[in-house]
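A.B. asks: I have a structure here, written as structure tokens, and I will follow up with some questions on it.
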Amino acid sequence: MRLFEKFKSIELSSVQLIVLSSVFFVLFDNYVYFKETYNAFGDIGFCIAAGVLLFIAISTVMGLLIARSILKPFLIVMFLLASAAAYYMAEYKTIINDKMIINIFQTTTGEVYDLLNLKLFVYILLLGVLPSIFVYLIKLKKRNLKEEFKSRLLLIVINLLLIPGLYFAYPKSWVSFFRAHKHIRMYSNPAFFTYSFVRYLQKTYLTKPMKFKHIGLDAKLMPYKKPKLIIFVVGEAARWDHFYLNGYKRNTDPYLSKLKNLIDFPSVRSCGTETAVSVPCMFSVYTRSEFSIKKARYTDNLLDILKRAGVNILWRDNDYGSKHVADRVEYEDFNDKRIKPYCTRFNCHDEVLLYGLQKWLDSLKNDKPVLIILHMKGSHGPDYYKRYPASFEKFKPICKTNQLQNCSRQEVVNAYDNTILYTDKFLYDVVEFLKKNDKKYSTAMFYVSDHGESLGENGIYLHGLPYFMAPEAQKHPACFVWFSNDFGIDVNCAKKLSHNKYSHDNVFYTILGLFDIKTSIYNPKLDIFYPCRRQ
């Protein structure tokens, strides 16, 4: 309490508060920024120079844009946000770019719960709450407009005069800093996440709304004797190299290995490194090079075209939403249903996605083809140990915390491999479900994960790094397809093609082809199974 009384007695000008706050941000919220700078240049002197440059950037922007009347509430918000950003960057090497901002706004209560821990609260308390209390309690000196202008101008002039000195002290290093090591700037806190938030606002709210684009208006089903039933399983964070079928040392997929008509695709690349990008992208007509979240939102996707052609569609979700892909089809969210024995308060195991599915299928009042999308929680981190029932805890010891950096790497890998083991059994159960319906339907399962996952390699965890700098583990998801004997695909032919390089770009056209949809937008070159259709 005495400390708070001392705070109340302090009186600062707005420029003094800006300088103090900028120094605090640089010194206490930028551990990763300095670490990455030192790793790249190995020079403490240049690290100090990089810190001074960050101070110049933060204090100049606040001096130019943040009025005295809103300075205190602005700083309080920034301290709280920067403390959380400092934690996630330090613990997981997360970069908070505009795509991550989208992820944050789409985060559900369950996902938030999975990310909470004591260390996060300590970060927020020490780096967010305490400086916020200081800002709240101190007094700001009252100055007229002319005095305020002069003091801010002086701050900006001093900052600008410092820049040439910084450059001439390390000319070669700065060229490399801005050209070869762009990723370092992405760890500047709170500078980069503020820039990312402004970009998000600009793209989402400050640009002219797009007119919705309908495509595939000519789509129609070709004649068939037996309707097709395809279950498309969207995985979560399952990397290809942790499946035994792909050469992994552990037998993490004993059930899939039993399936005669299973085709493994070991060379698939994801559209993004986060669900918010990869899921809408794989259902979109746009390839990764063409894709944007906004374009996809305002364009018919694969489900819209299939529905228009007459396919029965159901999306079942256990992974925090379809990212607007299923906005116009039948949708069931199992995150909040709490169906026993599959669910606890904040988590449902993926088996829940098959609950009552036969009843839904039997309720259809037509004999048209069916597409069922099952969106798995899969290997969603960091709480890998929550993603599977206790009976699947084969690999031990495991990491039983969401603070992965506090576990040994082997414990993290063990917990993750158990999620793959459970995914293996779930996919096998999906195939068994399809087999039970093979009298009425020709059946197939198509599984692909939305992205891969980092498991502590080079100190990086989870996923979501910008694509250009993300490790291969985040961009290389698992993919498997299974066909019934009467589906019309030559499995031996498909197996010969399975080692070709594919990506999420192929999903849109491959599913159109599997349903025998005739439309002018269909591109057989991107249909994986086009060469293997039985005539």
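Chain labels run A, B, ... following the order of the structure tokens; each chain numbers its residues from 1, and ligands are numbered from 1 in the order shown.
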As a VMD selection string, please: the residues near region 430-443 of chain A (cut-off 7 Å, only C-alpha atoms, same-chain neighbours under 3 positions excluded).

C.D. replies: chain A and resid 226 to 230 426 to 427 483 to 484 486 to 487

A.B. asks: Expressed in Å to a single decimal, how great is the separation between CA of Ala40 (chain A) and CA of Lys182 (chain A)?

C.D. replies: 11.0 Å

A.B. asks: Using 9 Å as the limit and counting only C-alpha atoms, can you tabulate each residue of region 333-393 of chain A that touches region 296-310 of chain A, with its shortest atom-to-atom distance in Å and the two atoms involved, as a Markdown table?

C.D. replies:
```
| residue | atom | partner | partner_atom | distance |
| --- | --- | --- | --- | --- |
| A:Lys368 | CA | A:Gly310 | CA | 6.9 |
| A:Pro369 | CA | A:Gly310 | CA | 7.7 |
| A:Leu371 | CA | A:Leu306 | CA | 8.6 |
```

A.B. asks: Please write the residues from the selection above to a file, keeping N, CA and C atoms, as a short mmCIF file (atom, residue, chain, number, x, y, z; two decimals), in the first residue's frame.

C.D. replies:
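Final file, result_21.cif:
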```cif
data_model
loop_
_atom_site.label_atom_id
_atom_site.label_comp_id
_atom_site.auth_asym_id
_atom_site.auth_seq_id
_atom_site.Cartn_x
_atom_site.Cartn_y
_atom_site.Cartn_z
N LYS A 368 -29.47 -39.98 -52.47
CA LYS A 368 -28.39 -39.23 -53.09
C LYS A 368 -27.07 -39.45 -52.35
N PRO A 369 -25.94 -39.12 -52.99
CA PRO A 369 -24.64 -39.27 -52.33
C PRO A 369 -24.54 -38.45 -51.05
N LEU A 371 -21.77 -36.66 -48.13
CA LEU A 371 -20.45 -36.25 -47.64
C LEU A 371 -20.59 -35.88 -46.17
#
```

A.B. asks: Using only C-alpha atoms, I'd like a table of the residues in region 35-100 of chain A that come within 12 Å of region 372-383 of chain A; for each, show the closest atom pair and its distance in Å rounded to one decimal, ordered by chain and ascending number, as a tab-separated table.

C.D. replies:
```
residue	atom	partner	partner_atom	distance
A:Tyr88	CA	A:Pro382	CA	11.7
A:Glu91	CA	A:Pro382	CA	11.1
A:Tyr92	CA	A:Pro382	CA	9.5
```

A.B. asks: Taking the DSSP assignment computed from this structure's backbone, write out as a list in words all residues of region 455-510 of chain A that belong to alpha helix (DSSP H).

C.D. replies: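 Filtering region 455-510 of chain A down to alpha helix (DSSP H) leaves Glu472, Ala473, Gln474, Lys475, Val491, Asn492, Cys493, Ala494, Lys495, Lys496, Leu497, Asp505, Asn506, Val507, Phe508, Tyr509 and Thr510 of chain A.
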
A.B. asks: If you measure from CA of Lys8 (chain A) to CA of Leu65 (chain A), what distance in Å do you get, rounded to one decimal?

C.D. replies: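 These two atoms are separated by 26.0 Å.
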